[in-house]
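> Okay, here's the structure, questions in a sec.
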Amino acid sequence: MSLKATLEAIIYAAESPVTLDQIVQLVKESTPSENDSDLRSQVRATIEEMVAAYSTEEHGVEIRQIAGGYRMATKPEQHDVVRAFAKSLKPPIRLSLPALETLAVIAYKQPVTVPEISEIRGVDSGGVIATLLDRKLITTAGRKAVIGRPILYKTTKEFLLRFGLKDVNELPSMEEFEKLVAESFQSDLLPAEGGVADATGIPNDIEAVGNEELQAEVAHQSSSEEHAEPVETHANASGYSQDGPENESN
């Protein structure tokens with residue numbers, strides 16, 4: 001793959017402006033170069049060529065330099081058309097974790113019955129089925145020829161559209177899916193470079209500097225609070241805000 005094609009893909013996929021340094025690090029292994037300085041110059045020159053190419057009237061998008069990085073965006077003269085198109089799009093679907101789990105079971109095991117889904121998940125899944133049916137992500141596929149003749153469920157064309165799939169055969173295998181989940185879980189656990197240890201974004205060494213002072217302050221406050229009146233706090237019993245996960249019945 002050419003360097004130009006690689007840069008085009010990176011800039012197109014970036015949700016926020018991608019810097020020159022980030023791009024150089026991404027293409028370093030796939031692009032032969034004597035040193036980082038030469039590669040940096042080569043990448044910069046290629047991006048400038050792309051910026052000039054996309055600036056012509058033949059393209060409806062352009063590459064902009066924003067906040068020290070590069071991002072692809074529609075040209076101002078196309079905004080009215082793009083805005084009208086965006087209004088015609090369906091809003092994104094928000095699913096609770098139970099709904100996603102149930103949908104995953106149906107996608108991989110279809111056609112499948114509610115008792116079979118509940119057995120795999122370990123909890124009753126009857127309530128979640130109604131949500132998935134309402135959002136047209138699943139549909140009925142007849143009844144299973146067993147005692148009670150339970151209804152079978154399968155995914156729909158809407159499911160393929162929402163997840164960008166040609167057909168269910170494009171779903172990752174269970175081994176691939178488990179590997180992706182494991183890698184995602186490990187990346188969440190590993191501390192980022194620069195000493196950042198957790199979601200606070202505060203490096204370990206900075207946290208350590210203030211630990212002794214913090215402990216001394218806490219010890220001082222605890223002695224004065226022993227005789228203070230307790231303060232009543234109020235919390236939502238669910239522990240979630242209105243935007244939080246849906247319950248099992250949704």
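By convention here, the chains of the structure tokens are called A, B, ... in the order presented, each chain's residues are numbered starting at 1, and ligands are numbered starting at 1 in the order presented.
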Please give the complete set of residues from range 11-109 of chain A that DSSP, run on the backbone, assigns to strand (DSSP E), formatted as a list of chain:residue names.
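Going through range 11-109 of chain A, the strand (DSSP E) residues come out as A:Val18, A:Thr19, A:Val61, A:Glu62, A:Ile63, A:Arg64, A:Gln65, A:Ile66, A:Gly69, A:Tyr70, A:Arg71, A:Met72, A:Ala73, A:Thr74.
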> Kindly save the residues from that selection, with N, CA and C atoms included, as a CSV table (one decimal), in the first residue's frame.

```csv
chain,number,residue,atom,x,y,z
A,18,VAL,N,-5.6,14.4,13.9
A,18,VAL,CA,-4.4,13.5,14.1
A,18,VAL,C,-3.2,14.3,13.8
A,19,THR,N,-2.2,14.3,14.7
A,19,THR,CA,-1.0,15.1,14.5
A,19,THR,C,0.0,14.4,13.6
A,61,VAL,N,-15.0,16.9,-0.1
A,61,VAL,CA,-14.4,16.9,1.2
A,61,VAL,C,-13.0,17.5,1.0
A,62,GLU,N,-12.5,17.9,2.1
A,62,GLU,CA,-11.1,18.5,2.2
A,62,GLU,C,-10.4,18.1,3.4
A,63,ILE,N,-9.1,18.2,3.4
A,63,ILE,CA,-8.3,17.9,4.6
A,63,ILE,C,-7.9,19.3,5.2
A,64,ARG,N,-8.3,19.5,6.5
A,64,ARG,CA,-8.1,20.7,7.2
A,64,ARG,C,-7.0,20.5,8.3
A,65,GLN,N,-6.3,21.5,8.5
A,65,GLN,CA,-5.3,21.5,9.6
A,65,GLN,C,-6.0,22.2,10.8
A,66,ILE,N,-6.3,21.5,11.8
A,66,ILE,CA,-7.1,22.0,13.0
A,66,ILE,C,-6.4,21.6,14.2
A,69,GLY,N,-3.4,19.4,14.2
A,69,GLY,CA,-3.5,18.1,13.5
A,69,GLY,C,-4.3,18.2,12.2
A,70,TYR,N,-4.6,17.0,11.6
A,70,TYR,CA,-5.3,17.0,10.3
A,70,TYR,C,-6.5,16.2,10.5
A,71,ARG,N,-7.6,16.7,9.8
A,71,ARG,CA,-8.9,16.0,9.9
A,71,ARG,C,-9.6,16.3,8.5
A,72,MET,N,-10.3,15.2,8.1
A,72,MET,CA,-11.1,15.3,6.8
A,72,MET,C,-12.5,15.8,7.2
A,73,ALA,N,-13.0,16.8,6.4
A,73,ALA,CA,-14.3,17.3,6.6
A,73,ALA,C,-14.9,17.7,5.3
A,74,THR,N,-16.3,17.9,5.3
A,74,THR,CA,-17.0,18.3,4.1
A,74,THR,C,-16.7,19.8,3.9
```
> Excluding same-chain residues fewer than 3 positions from Arg162 in chain A, what lies within 9 Å of it counting only C-alpha atoms, as number ranges by chain?
A: 92-93, 137, 157-159, 165
> Pick out the residues sitting within 10 Å of Met50 in chain A, and hand them over as a list of chain:residue names; count only C-alpha atoms, and ignore anything fewer than 3 positions along from it in its own chain.
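So the residues in contact are A:Lys4, A:Ala5, A:Leu7, A:Glu8, A:Arg44, A:Ala45, A:Thr46, A:Ile47, A:Ala53, A:Tyr54, A:Ser55, A:Glu62, A:Ile63.
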> Could the residues in this selection be saved with C-alpha atoms as a PDB file, in the first residue's frame?

```
ATOM      1  CA  LYS A   4      -0.586   8.337   0.335  1.00  0.00           C
ATOM      2  CA  ALA A   5      -3.284   5.683   0.651  1.00  0.00           C
ATOM      3  CA  LEU A   7      -2.300   8.596   5.244  1.00  0.00           C
ATOM      4  CA  GLU A   8      -5.662   9.061   3.587  1.00  0.00           C
ATOM      5  CA  ARG A  44       4.506  16.124   5.642  1.00  0.00           C
ATOM      6  CA  ALA A  45       5.131  16.464   1.881  1.00  0.00           C
ATOM      7  CA  THR A  46       2.574  13.735   1.105  1.00  0.00           C
ATOM      8  CA  ILE A  47      -0.060  15.365   3.292  1.00  0.00           C
ATOM      9  CA  ALA A  53      -5.591  17.538  -4.360  1.00  0.00           C
ATOM     10  CA  TYR A  54      -8.679  17.619  -2.161  1.00  0.00           C
ATOM     11  CA  SER A  55      -8.977  21.406  -2.472  1.00  0.00           C
ATOM     12  CA  GLU A  62     -11.127  18.500   2.156  1.00  0.00           C
ATOM     13  CA  ILE A  63      -8.263  17.925   4.580  1.00  0.00           C
TER      14      ILE A  63
END
```
> Do a neighbour search on Met174 in chain A at 9 Å with only C-alpha atoms, toss out local chain neighbours closer than 4 positions, and write the hits as a list in words.
Tyr108, Glu178 and Lys179 of chain A
> Residues within 12 Å of Leu100 in chain A, please, as a list in words. Count only C-alpha atoms; anything in the same chain fewer than 4 positions from it doesn't count.
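With the cut-off at 12 Å, the set is Ile93, Arg94, Leu95, Ser96, Ala104, Val105, Ile106, Ala107, Arg121, Ser125, Val128, Ile129, Thr131, Leu132, Leu137, Ile138, Phe159, Pro245, Glu246, Glu248 and Asn250 of chain A.
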